[in-house]
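Enquirer: Contents are TSV, C-alpha atoms; file name run_7.tsv:
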chain	number	residue	atom	x	y	z
Y	1074	MET	CA	3.70	-22.51	-16.44
Y	1075	THR	CA	5.37	-23.24	-13.09
Y	1076	ASN	CA	8.41	-21.30	-14.31
Y	1077	ILE	CA	6.31	-18.27	-15.12
Y	1078	ILE	CA	4.77	-18.33	-11.65
Y	1079	ILE	CA	8.19	-18.61	-9.96
Y	1080	ILE	CA	9.65	-15.77	-12.07
Y	1081	SER	CA	6.55	-13.71	-11.39
Y	1082	VAL	CA	6.75	-14.15	-7.61
Y	1083	LEU	CA	10.50	-13.44	-7.51
Y	1084	LEU	CA	10.02	-10.28	-9.57
Y	1085	PHE	CA	7.26	-9.16	-7.24
Y	1086	PHE	CA	9.48	-9.65	-4.20
Y	1087	LEU	CA	12.25	-7.68	-5.89
Y	1088	ALA	CA	9.73	-4.97	-6.83
Y	1089	ALA	CA	8.41	-4.78	-3.27
Y	1090	LEU	CA	11.98	-4.49	-1.94
Y	1091	LEU	CA	12.72	-1.61	-4.34
Y	1092	GLU	CA	9.39	0.09	-3.78
Y	1093	ILE	CA	9.51	-0.05	0.02
Y	1094	GLY	CA	13.26	0.71	0.04
Y	1095	GLY	CA	12.77	3.72	-2.26
Y	1096	GLY	CA	9.86	4.96	-0.18
Y	1097	TYR	CA	11.94	4.52	2.96
Y	1098	LEU	CA	14.82	6.59	1.56
Y	1099	VAL	CA	12.39	9.40	0.64
Y	1100	TRP	CA	10.92	9.05	4.16
Y	1101	LEU	CA	14.40	9.37	5.73
Y	1102	TRP	CA	15.03	12.49	3.67
Y	1103	LEU	CA	11.72	14.27	4.43
Y	1104	LYS	CA	10.73	12.98	7.87
Y	1105	GLU	CA	14.05	12.25	9.53
Y	1106	LYS	CA	15.99	15.07	7.82
Y	1107	ARG	CA	18.76	12.71	6.85
Y	1108	GLY	CA	19.98	14.61	3.81
Y	1109	ARG	CA	18.89	15.26	0.27
Y	1110	ILE	CA	21.18	12.59	-1.18
Y	1111	LEU	CA	19.00	9.90	0.35
Y	1112	GLY	CA	16.00	11.53	-1.33
Y	1113	TRP	CA	17.70	11.38	-4.73
Y	1114	LEU	CA	18.67	7.79	-4.10
Y	1115	GLY	CA	15.05	7.03	-3.18
Y	1116	ALA	CA	13.80	8.63	-6.40
Y	1117	LEU	CA	16.26	6.52	-8.39
Y	1118	THR	CA	15.21	3.36	-6.55
Y	1119	LEU	CA	11.53	4.06	-7.26
Y	1120	ALA	CA	12.28	4.61	-10.96
Y	1121	VAL	CA	14.16	1.27	-11.08
Y	1122	TYR	CA	11.11	-0.31	-9.42
Y	1123	GLY	CA	9.00	0.94	-12.36
Y	1124	VAL	CA	11.43	-0.70	-14.80
Y	1125	ILE	CA	11.46	-4.03	-12.91
Y	1126	LEU	CA	7.68	-4.20	-13.19
Y	1127	THR	CA	7.91	-4.25	-16.99
Y	1128	PHE	CA	9.80	-7.58	-16.80
Y	1129	GLN	CA	6.67	-9.09	-15.29
Y	1130	PRO	CA	5.45	-11.84	-17.64
Y	1131	ALA	CA	1.87	-11.73	-16.33
Y	1132	HIS	CA	-0.59	-9.10	-17.44
Y	1133	PHE	CA	-1.92	-6.23	-15.37
Y	1134	GLY	CA	-4.91	-7.56	-13.46
Y	1135	ARG	CA	-5.48	-10.30	-10.90
Y	1136	VAL	CA	-1.77	-10.98	-10.33
Y	1137	TYR	CA	-1.61	-7.55	-8.79
Y	1138	ALA	CA	-3.65	-8.86	-5.90
Y	1139	ALA	CA	-0.71	-11.20	-5.26
Y	1140	TYR	CA	1.65	-8.24	-5.37
Y	1141	GLY	CA	-0.51	-6.39	-2.84
Y	1142	GLY	CA	-0.25	-9.40	-0.53
Y	1143	ILE	CA	3.53	-9.66	-0.95
Y	1144	PHE	CA	3.72	-5.93	-0.31
Y	1145	ILE	CA	1.85	-6.14	3.00
Y	1146	VAL	CA	4.09	-8.95	4.29
Y	1147	SER	CA	7.24	-7.17	3.05
Y	1148	SER	CA	6.25	-3.90	4.78
Y	1149	ILE	CA	5.83	-5.64	8.12
Y	1150	ILE	CA	9.15	-7.49	7.67
Y	1151	TRP	CA	10.79	-4.16	6.74
Y	1152	GLY	CA	9.52	-2.57	9.96
Y	1153	LEU	CA	10.76	-5.56	11.95
Y	1154	VAL	CA	14.24	-5.69	10.40
Y	1155	ILE	CA	15.05	-2.05	9.62
Y	1156	ASP	CA	13.04	-0.08	12.18
Y	1157	LYS	CA	13.10	-2.84	14.84
Y	1158	LYS	CA	9.36	-2.43	15.35
Y	1159	LYS	CA	7.51	-5.64	16.12
Y	1160	PRO	CA	4.10	-5.75	14.42
Y	1161	ASP	CA	1.35	-5.24	16.98
Y	1162	ARG	CA	-1.71	-7.50	17.27
Y	1163	TYR	CA	-3.86	-5.46	14.88
Y	1164	GLU	CA	-1.18	-5.27	12.20
Y	1165	ILE	CA	-0.89	-9.06	12.28
Y	1166	ILE	CA	-4.67	-9.69	12.31
Y	1167	GLY	CA	-5.39	-7.01	9.70
Y	1168	GLY	CA	-2.51	-8.22	7.54
Y	1169	GLY	CA	-3.92	-11.76	7.70
Y	1170	VAL	CA	-7.40	-10.53	6.74
Y	1171	ALA	CA	-6.00	-8.57	3.79
Y	1172	LEU	CA	-4.05	-11.64	2.63
Y	1173	LEU	CA	-7.24	-13.69	2.80
Y	1174	GLY	CA	-8.90	-11.12	0.52
Y	1175	ALA	CA	-5.98	-11.32	-1.92
Y	1176	ALA	CA	-6.21	-15.15	-1.90
Y	1177	ILE	CA	-9.94	-15.03	-2.73
Y	1178	ILE	CA	-9.21	-12.74	-5.69
Y	1179	MET	CA	-6.40	-15.03	-6.90
Y	1180	TYR	CA	-7.88	-18.47	-6.28
Y	1181	GLY	CA	-11.66	-17.97	-6.25
Y	1182	PRO	CA	-13.12	-20.98	-8.15
Y	1183	ARG	CA	-14.22	-19.48	-11.45
K	733	MET	CA	-28.62	-4.87	20.98
K	734	SER	CA	-26.84	-4.83	24.31
K	735	ARG	CA	-23.85	-6.33	22.54
K	736	LEU	CA	-23.92	-3.51	20.02
K	737	LEU	CA	-24.14	-0.91	22.77
K	738	PHE	CA	-21.25	-2.58	24.52
K	739	VAL	CA	-19.13	-2.37	21.37
K	740	LEU	CA	-20.14	1.26	20.80
K	741	ARG	CA	-19.33	2.19	24.37
K	742	ARG	CA	-15.94	0.55	24.08
K	743	LYS	CA	-15.36	2.54	20.94
K	744	VAL	CA	-16.29	5.77	22.67
K	745	ARG	CA	-13.93	4.91	25.47
K	746	PHE	CA	-11.10	4.28	23.04
K	747	VAL	CA	-11.72	7.62	21.42
K	748	GLU	CA	-11.64	9.30	24.82
K	749	VAL	CA	-8.47	7.51	25.82
K	750	THR	CA	-6.69	8.57	22.65
K	751	ASN	CA	-7.88	12.14	23.26
K	752	LEU	CA	-9.60	12.33	19.90
K	753	ASN	CA	-13.06	13.71	19.53
K	754	TYR	CA	-15.31	12.40	16.79
K	755	THR	CA	-14.70	15.27	14.38
K	756	LYS	CA	-10.95	14.92	14.80
K	757	LEU	CA	-11.17	11.17	14.23
K	758	MET	CA	-13.20	11.59	11.04
K	759	LYS	CA	-10.76	14.22	9.82
K	760	HIS	CA	-7.90	11.81	10.44
K	761	VAL	CA	-9.68	9.01	8.54
K	762	GLY	CA	-10.69	11.27	5.65
K	763	ARG	CA	-7.27	12.80	5.28
K	764	SER	CA	-5.48	9.44	5.35
K	765	LEU	CA	-7.90	7.91	2.83
K	766	VAL	CA	-7.27	10.77	0.39
K	767	LEU	CA	-3.51	10.24	0.82
K	768	PHE	CA	-3.83	6.46	0.24
K	769	PHE	CA	-5.88	7.08	-2.89
K	770	LEU	CA	-3.44	9.68	-4.20
K	771	ALA	CA	-0.49	7.33	-3.57
K	772	GLY	CA	-2.22	4.53	-5.48
K	773	LEU	CA	-3.00	6.83	-8.40
K	774	LEU	CA	0.62	8.04	-8.62
K	775	GLU	CA	2.14	4.58	-8.24
K	776	ILE	CA	-0.03	2.80	-10.77
K	777	GLY	CA	0.00	5.80	-13.13
K	778	GLY	CA	3.80	6.16	-12.89
K	779	GLY	CA	4.30	2.43	-13.38
K	780	TYR	CA	1.98	2.55	-16.38
K	781	LEU	CA	4.01	5.36	-18.00
K	782	VAL	CA	7.26	3.40	-17.58
K	783	TRP	CA	5.44	0.37	-19.03
K	784	LEU	CA	4.38	2.45	-22.09
K	785	TRP	CA	8.02	3.50	-22.62
K	786	LEU	CA	9.58	0.02	-22.38
K	787	ARG	CA	6.83	-2.30	-23.57
K	788	GLU	CA	4.81	-0.20	-25.99
K	789	ASP	CA	7.68	1.79	-27.53
K	790	TYR	CA	6.53	5.22	-26.45
K	791	SER	CA	9.28	7.86	-26.22
K	792	PHE	CA	11.85	8.00	-23.42
K	793	LEU	CA	10.21	11.22	-22.19
K	794	ILE	CA	7.11	9.24	-21.19
K	795	GLY	CA	9.35	6.89	-19.22
K	796	ALA	CA	11.16	9.79	-17.52
K	797	LEU	CA	7.79	11.31	-16.62
K	798	GLY	CA	6.83	7.93	-15.14
K	799	GLY	CA	9.98	7.99	-12.99
K	800	LEU	CA	9.08	11.46	-11.73
K	801	VAL	CA	5.52	10.37	-10.91
K	802	LEU	CA	6.89	7.36	-9.00
K	803	PHE	CA	9.11	9.69	-6.98
K	804	LEU	CA	6.05	11.83	-6.13
K	805	TYR	CA	4.33	8.61	-5.06
K	806	GLY	CA	7.17	8.13	-2.56
K	807	VAL	CA	6.61	11.60	-1.14
K	808	VAL	CA	2.87	11.16	-0.44
K	809	PRO	CA	3.13	8.67	2.50
K	810	THR	CA	5.35	11.13	4.38
K	811	PHE	CA	2.18	13.18	4.94
K	812	GLN	CA	0.52	10.25	6.75
K	813	ILE	CA	0.55	10.33	10.53
K	814	SER	CA	1.69	6.85	11.58
K	815	TYR	CA	4.66	4.49	11.52
K	816	PHE	CA	6.38	3.80	8.20
K	817	HIS	CA	5.72	0.05	8.19
K	818	ARG	CA	2.07	0.45	9.20
K	819	ILE	CA	1.40	3.00	6.46
K	820	TYR	CA	3.00	0.74	3.86
K	821	ALA	CA	1.27	-2.45	5.06
K	822	ALA	CA	-2.13	-0.76	4.94
K	823	TYR	CA	-1.27	0.68	1.55
K	824	GLY	CA	-0.70	-2.86	0.23
K	825	GLY	CA	-4.41	-3.56	0.73
K	826	VAL	CA	-5.41	-0.28	-0.86
K	827	PHE	CA	-3.19	-1.16	-3.81
K	828	ILE	CA	-5.04	-4.45	-4.43
K	829	VAL	CA	-8.32	-2.59	-4.79
K	830	MET	CA	-6.88	0.26	-6.83
K	831	ALA	CA	-5.09	-2.03	-9.29
K	832	MET	CA	-8.45	-3.69	-9.86
K	833	LEU	CA	-10.21	-0.36	-10.40
K	834	TRP	CA	-7.41	0.69	-12.77
K	835	GLY	CA	-7.88	-2.48	-14.83
K	836	TRP	CA	-11.63	-1.88	-14.89
K	837	THR	CA	-11.36	1.76	-15.95
K	838	PHE	CA	-8.52	1.62	-18.47
K	839	GLU	CA	-8.61	-1.95	-19.76
K	840	GLY	CA	-12.30	-2.72	-19.43
K	841	ILE	CA	-11.77	-5.77	-17.17
K	842	ALA	CA	-14.79	-5.71	-14.83
K	843	PRO	CA	-14.31	-7.31	-11.39
K	844	ASP	CA	-16.27	-10.54	-10.91
K	845	MET	CA	-17.88	-11.80	-7.70
K	846	PHE	CA	-14.63	-13.17	-6.21
K	847	ASP	CA	-12.78	-9.95	-7.04
K	848	THR	CA	-15.45	-7.92	-5.27
K	849	ILE	CA	-15.58	-10.16	-2.18
K	850	GLY	CA	-11.78	-10.36	-1.98
K	851	ALA	CA	-11.37	-6.60	-2.41
K	852	THR	CA	-13.91	-5.91	0.33
K	853	ILE	CA	-12.11	-8.30	2.72
K	854	ALA	CA	-8.75	-6.69	1.83
K	855	LEU	CA	-10.20	-3.29	2.76
K	856	ILE	CA	-11.45	-4.65	6.09
K	857	GLY	CA	-7.86	-5.81	6.69
K	858	VAL	CA	-6.60	-2.31	5.87
K	859	ALA	CA	-9.08	-0.81	8.32
K	860	ILE	CA	-7.87	-3.13	11.09
K	861	ILE	CA	-4.19	-2.45	10.37
K	862	TYR	CA	-4.52	1.29	10.12
K	863	TYR	CA	-7.59	2.47	12.00
K	864	TRP	CA	-7.87	0.14	14.96
K	865	PRO	CA	-7.63	2.42	18.00
K	866	ARG	CA	-4.39	1.93	19.95
K	867	PRO	CA	-4.95	3.66	23.27
K	868	GLY	CA	-1.95	5.56	24.49
K	869	GLU	CA	-0.10	5.38	21.20
K	870	VAL	CA	1.21	8.68	19.92
K	871	ALA	CA	0.97	8.65	16.17
Using structure tokens, write down the structure from this file.
Expert:
Amino acid sequence: MTNIIIISVLLFFLAALLEIGGGYLVWLWLKEKRGRILGWLGALTLAVYGVILTFQPAHFGRVYAAYGGIFIVSSIIWGLVIDKKKPDRYEIIGGGVALLGAAIIMYGPR
Amino acid sequence: MSRLLFVLRRKVRFVEVTNLNYTKLMKHVGRSLVLFFLAGLLEIGGGYLVWLWLREDYSFLIGALGGLVLFLYGVVPTFQISYFHRIYAAYGGVFIVMAMLWGWTFEGIAPDMFDTIGATIALIGVAIIYYWPRPGEVA
């Protein structure tokens, strides 16, 4: 059981990396006019993201709340590392509130 | 009551400072919500098609279509007017709610009380991340 959870979380982090990375490449192509090749690369990355999700041992459903939470944190880290944009106060507070919501979905005593 | 008025007045001031009138603000909110919703639909739908190809033995064409839909998902956020990381962080909260609605619609898994409360709180988080007025910020 613990193994499944660890694999699940690692796969979600990998998926978030591919999803945000792919989206970023498409963004560079369309918004920053950095060349069509980056757009193609982004499309490929997003397709690989779709494949990675199928390795997920857990079923579609509540676990996806966890993925949403990982995604929020990853996006802010991406902005910090790649775009060198520190999260402002409202991104941090709002991110925390959204994570709380995800935790209630995941761990609500049923 | 006076507290409420105080909050409202502050809000009005923020709107003035950011040079947005009410109609413009509502247009901005409406437009971005449609884009968030569309992105969620394309991401979960595209992921589902790839899933059908690899896990349910549907044909490769379904998988390829899924890849194309995922690419379109990547295009949608470029129409949002904000920073990349802020759009994606807010989208994470939208995704939580949409994955739940997807499970409800297509797999018949109804959200229970904790799902509903958690989803509502996640949306409040999204609203703070994305719609909190930042005076002076050009976005």
Enquirer: Only residues of chain K matter here; which ones have an atom within 7 Å of chain Y, counting only C-alpha atoms? Give them as a ChimeraX atom specification.
Expert: /K:779,782-783,787,799,802-803,806-807,810,817,820-822,824-825,827-828,831-832,835,846-847,850-851,853-855,857-858,860-861,864
Enquirer: In Å, rounded to a single decimal, give me how far atom CA of Tyr823 of chain K is from atom CA of Trp785 of chain K.
Expert: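 If I compute the distance from atom CA of Trp785 of chain K to atom CA of Tyr823 of chain K, I get 26.0 Å.
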Enquirer: Atom CA of Ile1079 of chain Y to atom CA of Ile841 of chain K: how many Å, to one decimal?
Expert: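 Atom CA of Ile1079 of chain Y sits 24.8 Å away from atom CA of Ile841 of chain K.
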Enquirer: Between atom CA of Ala842 of chain K and atom CA of Gly778 of chain K, what is the distance, to one decimal in Å?
Expert: 22.1 Å
Enquirer: Using only C-alpha atoms, can you list as a list in words the residues within 9 Å of (7.0, -12.6, -10.6)?
Expert: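 Applying the cut-off with only C-alpha atoms, one gets Ile1077, Ile1078, Ile1079, Ile1080, Ser1081, Val1082, Leu1083, Leu1084, Phe1085, Phe1086, Leu1087, Ala1088, Leu1126, Phe1128, Gln1129, Pro1130, Ala1131, Val1136 and Tyr1140 of chain Y.
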Enquirer: When distances are computed from only C-alpha atoms, which of K:Gly777, K:Phe811, K:Tyr862, K:Pro843 shows the smallest separation from Gly795 of chain K?
Expert: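 When distances to Gly795 of chain K are compared using only C-alpha atoms, the smallest one comes from K:Gly777.
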Enquirer: When you count only C-alpha atoms, which of these residues is closest to Ala796 of chain K: K:Leu784, K:Leu770, K:Ile776, K:Met758?
Expert: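 Comparing K:Leu784, K:Leu770, K:Ile776, K:Met758 against Ala796 of chain K, the winner is K:Leu784.
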Enquirer: List the spatial neighbours of Val766 of chain K as a PyMOL selection string - criterion: any atom at most 12 Å away, only C-alpha atoms, same-chain residues fewer than 5 positions off excluded.
Expert: chain K and resi 759-761+771-773+808-809+811-812+823+826
Enquirer: Kindly complete segment 1079-1090 of chain Y to all heavy atoms; the output should be written as a short mmCIF file (atom, residue, chain, number, x, y, z; two decimals), keeping the file's coordinate frame.
Expert:
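Contents of rebuild-v5.cif, as written:
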data_model
loop_
_atom_site.label_atom_id
_atom_site.label_comp_id
_atom_site.auth_asym_id
_atom_site.auth_seq_id
_atom_site.Cartn_x
_atom_site.Cartn_y
_atom_site.Cartn_z
N ILE Y 1079 7.02 -18.85 -10.81
CA ILE Y 1079 8.19 -18.61 -9.96
C ILE Y 1079 8.85 -17.27 -10.31
O ILE Y 1079 9.15 -16.45 -9.44
CB ILE Y 1079 9.21 -19.77 -10.09
CG1 ILE Y 1079 8.62 -21.04 -9.46
CG2 ILE Y 1079 10.52 -19.42 -9.39
CD1 ILE Y 1079 9.42 -22.29 -9.73
N ILE Y 1080 9.04 -17.04 -11.63
CA ILE Y 1080 9.65 -15.77 -12.07
C ILE Y 1080 8.80 -14.60 -11.60
O ILE Y 1080 9.30 -13.59 -11.09
CB ILE Y 1080 9.80 -15.75 -13.61
CG1 ILE Y 1080 10.84 -16.77 -14.04
CG2 ILE Y 1080 10.18 -14.36 -14.09
CD1 ILE Y 1080 10.90 -16.99 -15.54
N SER Y 1081 7.49 -14.76 -11.74
CA SER Y 1081 6.55 -13.71 -11.39
C SER Y 1081 6.67 -13.35 -9.90
O SER Y 1081 6.77 -12.18 -9.53
CB SER Y 1081 5.14 -14.18 -11.70
OG SER Y 1081 4.27 -13.10 -11.83
N VAL Y 1082 6.68 -14.38 -9.05
CA VAL Y 1082 6.75 -14.15 -7.61
C VAL Y 1082 8.08 -13.51 -7.22
O VAL Y 1082 8.13 -12.55 -6.44
CB VAL Y 1082 6.52 -15.46 -6.84
CG1 VAL Y 1082 6.86 -15.30 -5.37
CG2 VAL Y 1082 5.07 -15.92 -6.98
N LEU Y 1083 9.19 -14.01 -7.81
CA LEU Y 1083 10.50 -13.44 -7.51
C LEU Y 1083 10.57 -11.97 -7.92
O LEU Y 1083 11.08 -11.13 -7.18
CB LEU Y 1083 11.61 -14.23 -8.23
CG LEU Y 1083 11.92 -15.61 -7.64
CD1 LEU Y 1083 13.01 -16.30 -8.44
CD2 LEU Y 1083 12.35 -15.48 -6.17
N LEU Y 1084 10.02 -11.68 -9.10
CA LEU Y 1084 10.02 -10.28 -9.57
C LEU Y 1084 9.19 -9.40 -8.63
O LEU Y 1084 9.57 -8.26 -8.35
CB LEU Y 1084 9.46 -10.19 -10.99
CG LEU Y 1084 10.43 -10.52 -12.12
CD1 LEU Y 1084 9.71 -10.52 -13.45
CD2 LEU Y 1084 11.59 -9.53 -12.15
N PHE Y 1085 8.08 -9.94 -8.16
CA PHE Y 1085 7.26 -9.16 -7.24
C PHE Y 1085 7.99 -8.87 -5.93
O PHE Y 1085 7.90 -7.78 -5.38
CB PHE Y 1085 5.92 -9.87 -6.96
CG PHE Y 1085 4.86 -9.55 -7.98
CD1 PHE Y 1085 3.92 -10.51 -8.34
CD2 PHE Y 1085 4.78 -8.30 -8.56
CE1 PHE Y 1085 2.93 -10.23 -9.26
CE2 PHE Y 1085 3.79 -8.01 -9.49
CZ PHE Y 1085 2.86 -8.97 -9.84
N PHE Y 1086 8.72 -9.88 -5.43
CA PHE Y 1086 9.48 -9.65 -4.20
C PHE Y 1086 10.55 -8.59 -4.41
O PHE Y 1086 10.75 -7.70 -3.58
CB PHE Y 1086 10.11 -10.96 -3.67
CG PHE Y 1086 9.24 -11.65 -2.67
CD1 PHE Y 1086 8.60 -12.84 -2.99
CD2 PHE Y 1086 9.02 -11.09 -1.41
CE1 PHE Y 1086 7.78 -13.48 -2.06
CE2 PHE Y 1086 8.20 -11.72 -0.48
CZ PHE Y 1086 7.57 -12.91 -0.82
N LEU Y 1087 11.23 -8.68 -5.56
CA LEU Y 1087 12.25 -7.68 -5.89
C LEU Y 1087 11.60 -6.29 -6.00
O LEU Y 1087 12.11 -5.30 -5.47
CB LEU Y 1087 12.93 -8.06 -7.22
CG LEU Y 1087 14.04 -7.13 -7.69
CD1 LEU Y 1087 15.17 -7.10 -6.67
CD2 LEU Y 1087 14.58 -7.60 -9.04
N ALA Y 1088 10.44 -6.25 -6.67
CA ALA Y 1088 9.73 -4.97 -6.83
C ALA Y 1088 9.33 -4.40 -5.48
O ALA Y 1088 9.52 -3.20 -5.21
CB ALA Y 1088 8.49 -5.17 -7.71
N ALA Y 1089 8.83 -5.26 -4.59
CA ALA Y 1089 8.41 -4.78 -3.27
C ALA Y 1089 9.61 -4.24 -2.50
O ALA Y 1089 9.53 -3.19 -1.84
CB ALA Y 1089 7.73 -5.90 -2.48
N LEU Y 1090 10.76 -4.94 -2.62
CA LEU Y 1090 11.98 -4.49 -1.94
C LEU Y 1090 12.36 -3.09 -2.44
O LEU Y 1090 12.67 -2.19 -1.64
CB LEU Y 1090 13.10 -5.49 -2.23
CG LEU Y 1090 14.41 -5.28 -1.48
CD1 LEU Y 1090 14.20 -5.60 -0.01
CD2 LEU Y 1090 15.51 -6.17 -2.06
#
